[in-house]
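Below: one structure, written as structure tokens.
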Amino acid sequence: MNTSSNSSLLKGSLSVMILRLLEDRERMYGYEITQKVKDLTAGEMSITEGALYPALHKLEADGLLTTETQIVDGRARKYYSLTKTGHTEAAGRIAELSSFLENLNLVLKLKPSL
Amino acid sequence: MLTSDQLALLRQDLIILASIKYDEVTAELLDHYASLTEQHMANGLSFTDASKWAWAELGSGEGIQQIQTDFEKSISKRHVAIIKSYLGWPTIITTGLIATLVYVITPLMPLNSMKILMESFYLTPTLIMLYVYRTNLSNQPDRQKIFWLYLTKSFSVGYWLSFFWGFFLNDFNHKKSIDWLFQFHSTVGVFLCCLSLAYTISLLQLFKENFELKMPNLSPR
């Protein structure tokens with residue numbers, strides 16, 4: 001997939017992807033999130049650090065994520081997890097994006113009119 | 001796993017090459033930088049080569065600085081949210097009641113006692129800020145940066161207004177015979193002071209939420 005078009009498509013859905021991943025796992029740290037996305041998409045999609053951390057900080061400032069820091073391998077590691085509001089918001093945003101993608105798919109698969 | 005010397009070198013890259021000035025941002029990026037470096041080392045690269053690849057993947061400076069800019073924005077956004085949460089009906093009613101109480105008791109109290117009381121009240125936000133500075137901010141360079149940033153930007157307007165109102169205009173009210181002026185002055189002063197106090201408390205909450213991280217000592221031996 002083309003990287004620049006990939007990143008512009010990612011822009012609007014990055015926060016939903018983060019919320020979905022954290023819904024699945026109790027807590028994750030930044031590097032883990034980037035690797036998980038890479039693994040799930042077999043390397044087709046990658047989140048840049050410049051996009052990931054601002055998105056995480058914004059979700060945290062909005063009260064959807066909470067953080068805890070632990071010392072792992074001699075360095076501080078910041079784990080993100082969903083707050084109660086985050087869980088509710090995640091479900092809503094995922095449903096919204098899924099519905100949008102279904103509709104988008106209908107338009108993209110439009111058969112030429114006879 | 002990287003050694004403490006190797007971690008210190010990566011940390012220096014972030015601080016010197018990317019000008020990262022906040023401990024919280026440095027800590028988060030260091031973990032990412034170190035994880036990427038470890039991944040490349042696991043594929044057989046030396047630490048030097050692995051860290052070069054990792055640095056390029058991280059965005060080589062410019063991309064990293066953007067993370068810091070966004071961090072500052074998110075802190076400001078959170079602070080605005082805290083202040084908004086304080087401006088509910090309980091705060092407005094309490095402030096109104098205190099201001100009304102001052103308006104009522106001002107004519108009943110001797111001038112000097114009233115002035116001492118008011119000046120103590122005006123000093124309260126300053127004393128709280130000094131306490132915060134002494135207990136939380138000394139030896140914490142990045143917290144101090146945020147502290148001064150706020151003090152010079154947003155905090156100054158409301159705070160200095162109440163401060164000047166309280167001290168410099170006091171001379172204007174030497175003659176207590178002008179009761180209404182003295183009452184008006186004290187009431188507005190207390191009102192402004194309550195707002196400054198709310199602002200000070202919001203800063204306390206912001207510091208508590210965002211700056212509890214204690215960095216491990218990673219300097220090279």
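Identifiers in this document derive from the order of the structure tokens: chains are assigned A, B, ..., residues are numbered from 1 separately in each chain, and ligands are numbered from 1 in order of occurrence.
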Could you give me, as JSON lines, every chain A residue with an atom at most 7 Å from chain B, plus its closest atom pair and distance in Å to one decimal, counting only C-alpha atoms, rows ordered by chain then number?
```
{"residue": "A:Gly30", "atom": "CA", "partner": "B:His32", "partner_atom": "CA", "distance": 6.9}
{"residue": "A:Tyr31", "atom": "CA", "partner": "B:His32", "partner_atom": "CA", "distance": 5.4}
{"residue": "A:Glu49", "atom": "CA", "partner": "B:Leu58", "partner_atom": "CA", "distance": 6.2}
{"residue": "A:Gly50", "atom": "CA", "partner": "B:Gly63", "partner_atom": "CA", "distance": 5.5}
{"residue": "A:Tyr53", "atom": "CA", "partner": "B:Ile67", "partner_atom": "CA", "distance": 6.5}
{"residue": "A:Pro54", "atom": "CA", "partner": "B:Asp70", "partner_atom": "CA", "distance": 5.6}
{"residue": "A:His57", "atom": "CA", "partner": "B:Ser74", "partner_atom": "CA", "distance": 6.3}
{"residue": "A:Lys58", "atom": "CA", "partner": "B:Ser74", "partner_atom": "CA", "distance": 6.0}
{"residue": "A:Ala61", "atom": "CA", "partner": "B:Arg78", "partner_atom": "CA", "distance": 5.3}
{"residue": "A:Asp73", "atom": "CA", "partner": "B:Met1", "partner_atom": "CA", "distance": 6.5}
{"residue": "A:Gly74", "atom": "CA", "partner": "B:Ser4", "partner_atom": "CA", "distance": 7.0}
{"residue": "A:Arg75", "atom": "CA", "partner": "B:Asp31", "partner_atom": "CA", "distance": 6.5}
{"residue": "A:Ala76", "atom": "CA", "partner": "B:Ala27", "partner_atom": "CA", "distance": 5.8}
{"residue": "A:Arg77", "atom": "CA", "partner": "B:Asp31", "partner_atom": "CA", "distance": 6.1}
{"residue": "A:Lys78", "atom": "CA", "partner": "B:Glu28", "partner_atom": "CA", "distance": 6.3}
```
Based on the selection just made, write N, CA and C atoms of those residues as a short mmCIF file (atom, residue, chain, number, x, y, z; two decimals), in the first residue's frame.
```
data_model
loop_
_atom_site.label_atom_id
_atom_site.label_comp_id
_atom_site.auth_asym_id
_atom_site.auth_seq_id
_atom_site.Cartn_x
_atom_site.Cartn_y
_atom_site.Cartn_z
N GLY A 30 3.38 2.41 24.00
CA GLY A 30 3.46 2.94 22.64
C GLY A 30 4.07 2.00 21.62
N TYR A 31 5.25 1.50 21.90
CA TYR A 31 5.95 0.62 20.95
C TYR A 31 5.11 -0.63 20.67
N GLU A 49 5.51 7.22 14.99
CA GLU A 49 5.55 7.69 16.38
C GLU A 49 5.00 9.11 16.49
N GLY A 50 5.28 9.89 15.42
CA GLY A 50 4.81 11.28 15.39
C GLY A 50 3.29 11.39 15.37
N TYR A 53 1.93 9.14 19.43
CA TYR A 53 1.99 9.75 20.76
C TYR A 53 1.05 10.96 20.93
N PRO A 54 0.98 11.85 19.91
CA PRO A 54 -0.02 12.93 20.06
C PRO A 54 -1.44 12.38 20.21
N HIS A 57 -1.77 11.06 23.75
CA HIS A 57 -1.84 12.17 24.72
C HIS A 57 -3.19 12.87 24.64
N LYS A 58 -3.74 12.95 23.42
CA LYS A 58 -5.04 13.61 23.26
C LYS A 58 -6.14 12.77 23.92
N ALA A 61 -5.82 13.24 27.56
CA ALA A 61 -6.34 14.56 27.98
C ALA A 61 -7.87 14.59 27.95
N ASP A 73 13.30 -3.18 32.37
CA ASP A 73 14.64 -3.23 31.78
C ASP A 73 15.43 -1.94 32.00
N GLY A 74 15.29 -1.35 33.17
CA GLY A 74 16.07 -0.16 33.52
C GLY A 74 15.54 1.14 32.97
N ARG A 75 14.37 1.11 32.33
CA ARG A 75 13.81 2.36 31.80
C ARG A 75 12.33 2.47 32.14
N ALA A 76 11.85 3.72 32.15
CA ALA A 76 10.44 3.93 32.50
C ALA A 76 9.55 3.57 31.31
N ARG A 77 8.53 2.77 31.58
CA ARG A 77 7.59 2.39 30.50
C ARG A 77 6.19 2.85 30.89
N LYS A 78 5.58 3.62 29.97
CA LYS A 78 4.26 4.19 30.24
C LYS A 78 3.19 3.31 29.59
#
```
(message) as JSON, numbers by chain, please: every residue in chain A that DSSP puts in helix (DSSP H, G or I).
(response) {"A": [3, 4, 5, 6, 7, 8, 9, 10, 11, 12, 13, 14, 15, 16, 17, 18, 19, 20, 21, 22, 23, 24, 30, 31, 32, 33, 34, 35, 36, 37, 38, 39, 40, 49, 50, 51, 52, 53, 54, 55, 56, 57, 58, 59, 60, 61, 84, 85, 86, 87, 88, 89, 90, 91, 92, 93, 94, 95, 96, 97, 98, 99, 100, 101, 102, 103, 104, 105, 106, 107, 108]}
(message) Neighbouring residues of stretch 92-109 of chain A were defined as those with any atom within 9 Å, considering only C-alpha atoms; residues of the same chain fewer than 5 positions away were excluded. Please report them as a ChimeraX atom specification.
(response) /A:13,16-17,19-20,87
(message) I'd like the contact shell of stretch 94-107 of chain B - 8 Å cut-off, only C-alpha atoms, skipping same-chain residues fewer than 5 positions apart - returned as a ChimeraX atom specification.
(response) /B:114,179,182-184,186-188,190-191,194
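The two atoms in question, atom CA of B:Ala18 and atom CA of A:Thr67, are spaced 24.4 Å apart.
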